[in-house]
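Participant: Dropping the structure in here first, questions after.
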Amino acid sequence: MSAMPRIPALISRAGTASAVTAATLAASVLVPGLASQASAATPGEQALRVAAAKAGSPYQYGAAGPNRFDCSGLTQYSFKKVGKSLPRVAADQYNRTRHISGGSRQAGDLVFFHSGSNVYHVGIYAGSNKIWHAPKPGTTVRLEKIWTGSVWYGRVN
């Protein structure tokens, strides 16, 4: 049976819902999985997209956007845009996340670079052993391979 005859009934059941809601409801019947895919993105995946959209923004120590960033400023900005609060500096961000193993990492998790117990840098994991980050003075926000094994991972809840 085609989904088309069901659309008017679905829209009428929406009652006083807005036209946008009704259109979304109808689209989800016509394109199965459309609504679930759009809403399935985790906050980390959404923050990853925000960070990637800032590619080329200049590094500036202490900057947290919207046009210039340092490493923790980029992660704080990206998560704030998707409704998640993070502290300002990388070490505090590490302490605020749920710590996970490298084998459990997913796109959108935070990657913390450390020397001993000192966290000194953070980026957002993009998959394929790469992160989006604001590296250092004289550079811009960019996608780069993880260059060391001295990393910890954290997931923003």
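For the structure tokens, the naming scheme is as follows: chains receive sequential letters (A, B, ...) according to their order of presentation, residues are indexed from 1 within each chain, and ligands are indexed from 1 in presentation order.
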Just want the 8 Å neighbourhood of Glu144 (chain A), counted on only C-alpha atoms, with same-chain residues fewer than 4 positions away dropped. Output as a list of chain:residue names.
Facilitator: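 Non-adjacent residues within range: A:Lys130, A:Ile131, A:Trp132, A:His133.
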Participant: Using only C-alpha atoms, which protein or nucleic acid residues come within 10 Å of Ile100 (chain A)? Drop anything in the same chain fewer than 4 positions from it, and give the result as JSON, numbers by chain.
Facilitator: {"A": [104, 105, 106, 109, 110, 152, 153, 154, 155]}
Participant: Set the distance at 7 Å and use only C-alpha atoms: which residues neighbour Gly65 (chain A) once local chain neighbours fewer than 6 positions away are removed? I'd like the list as a PyMOL selection string.
Facilitator: chain A and resi 73-74+77
Participant: Output all heavy atoms for every residue in the selection just made, as a PDB file, in the first residue's frame.
Facilitator:
ATOM      1  N   GLY A  73      38.779  26.914  23.135  1.00  0.00           N
ATOM      2  CA  GLY A  73      37.745  27.853  22.707  1.00  0.00           C
ATOM      3  C   GLY A  73      36.909  27.280  21.577  1.00  0.00           C
ATOM      4  O   GLY A  73      35.690  27.460  21.529  1.00  0.00           O
ATOM      5  N   LEU A  74      37.564  26.556  20.649  1.00  0.00           N
ATOM      6  CA  LEU A  74      36.839  25.918  19.547  1.00  0.00           C
ATOM      7  C   LEU A  74      35.900  24.833  20.063  1.00  0.00           C
ATOM      8  O   LEU A  74      34.741  24.758  19.639  1.00  0.00           O
ATOM      9  CB  LEU A  74      37.819  25.327  18.528  1.00  0.00           C
ATOM     10  CG  LEU A  74      37.169  24.585  17.353  1.00  0.00           C
ATOM     11  CD1 LEU A  74      36.352  25.533  16.483  1.00  0.00           C
ATOM     12  CD2 LEU A  74      38.242  23.870  16.523  1.00  0.00           C
ATOM     13  N   TYR A  77      33.001  26.513  22.050  1.00  0.00           N
ATOM     14  CA  TYR A  77      32.101  27.176  21.107  1.00  0.00           C
ATOM     15  C   TYR A  77      31.231  26.159  20.365  1.00  0.00           C
ATOM     16  O   TYR A  77      30.016  26.330  20.250  1.00  0.00           O
ATOM     17  CB  TYR A  77      32.925  27.998  20.107  1.00  0.00           C
ATOM     18  CG  TYR A  77      32.108  28.647  19.017  1.00  0.00           C
ATOM     19  CD1 TYR A  77      31.552  29.903  19.205  1.00  0.00           C
ATOM     20  CD2 TYR A  77      31.912  28.002  17.794  1.00  0.00           C
ATOM     21  CE1 TYR A  77      30.804  30.505  18.198  1.00  0.00           C
ATOM     22  CE2 TYR A  77      31.165  28.601  16.793  1.00  0.00           C
ATOM     23  CZ  TYR A  77      30.601  29.841  16.995  1.00  0.00           C
ATOM     24  OH  TYR A  77      29.858  30.430  15.996  1.00  0.00           O
TER      25      TYR A  77
END
Participant: Region 19-145 of chain A: which residues are strand (DSSP E) by DSSP, as a list in words?
Facilitator: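 DSSP on the backbone gives strand (DSSP E) at Arg98, His99, Ile100, Leu110, Val111, Phe112, Phe113, His114, Ser115, Asn118, Val119, Tyr120, His121, Val122, Gly123, Ile124, Tyr125, Ala126, Gly127, Lys130, Ile131, Trp132, His133, Arg142, Leu143, Glu144 and Lys145 of chain A.
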Participant: Looking at A:Pro135, A:Asn95, A:Ser72, A:Glu45, which one is nearest to Ser117 (chain A), with distances taken over only C-alpha atoms?
Facilitator: A:Asn95
Participant: Can you pull out the residues contacting Arg68 (chain A)? Cut-off 8 Å, using only C-alpha atoms, and skip same-chain residues under 5 positions away; I want them as JSON, numbers by chain.
Facilitator: {"A": [57, 58, 59, 60, 63]}
Participant: Mind dumping the selected residues with N, CA and C atoms as a PDB file, in the first residue's frame?
Facilitator:
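See result_4.pdb below for the written result:
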ATOM      1  N   SER A  57      39.449  29.534  10.252  1.00  0.00           N
ATOM      2  CA  SER A  57      39.420  30.615  11.239  1.00  0.00           C
ATOM      3  C   SER A  57      40.775  30.690  11.927  1.00  0.00           C
ATOM      4  N   PRO A  58      41.303  31.880  12.125  1.00  0.00           N
ATOM      5  CA  PRO A  58      42.639  32.005  12.712  1.00  0.00           C
ATOM      6  C   PRO A  58      42.697  31.607  14.182  1.00  0.00           C
ATOM      7  N   TYR A  59      43.849  31.072  14.575  1.00  0.00           N
ATOM      8  CA  TYR A  59      44.127  30.783  15.979  1.00  0.00           C
ATOM      9  C   TYR A  59      44.407  32.104  16.688  1.00  0.00           C
ATOM     10  N   GLN A  60      43.851  32.234  17.879  1.00  0.00           N
ATOM     11  CA  GLN A  60      44.217  33.342  18.771  1.00  0.00           C
ATOM     12  C   GLN A  60      44.131  32.830  20.186  1.00  0.00           C
ATOM     13  N   ALA A  63      40.923  32.899  22.622  1.00  0.00           N
ATOM     14  CA  ALA A  63      39.720  33.224  21.846  1.00  0.00           C
ATOM     15  C   ALA A  63      38.747  32.056  21.799  1.00  0.00           C
TER      16      ALA A  63
END
Participant: Hey, can you check how far CA of Thr97 (chain A) sits from CA of Asn157 (chain A)?
Facilitator: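 It comes out at 7.0 Å.
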Participant: In Å, with one decimal, what is the gap from CA of Ser101 (chain A) to CA of Val151 (chain A)?
Facilitator: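 That distance, rounded to one decimal, is 10.0 Å.
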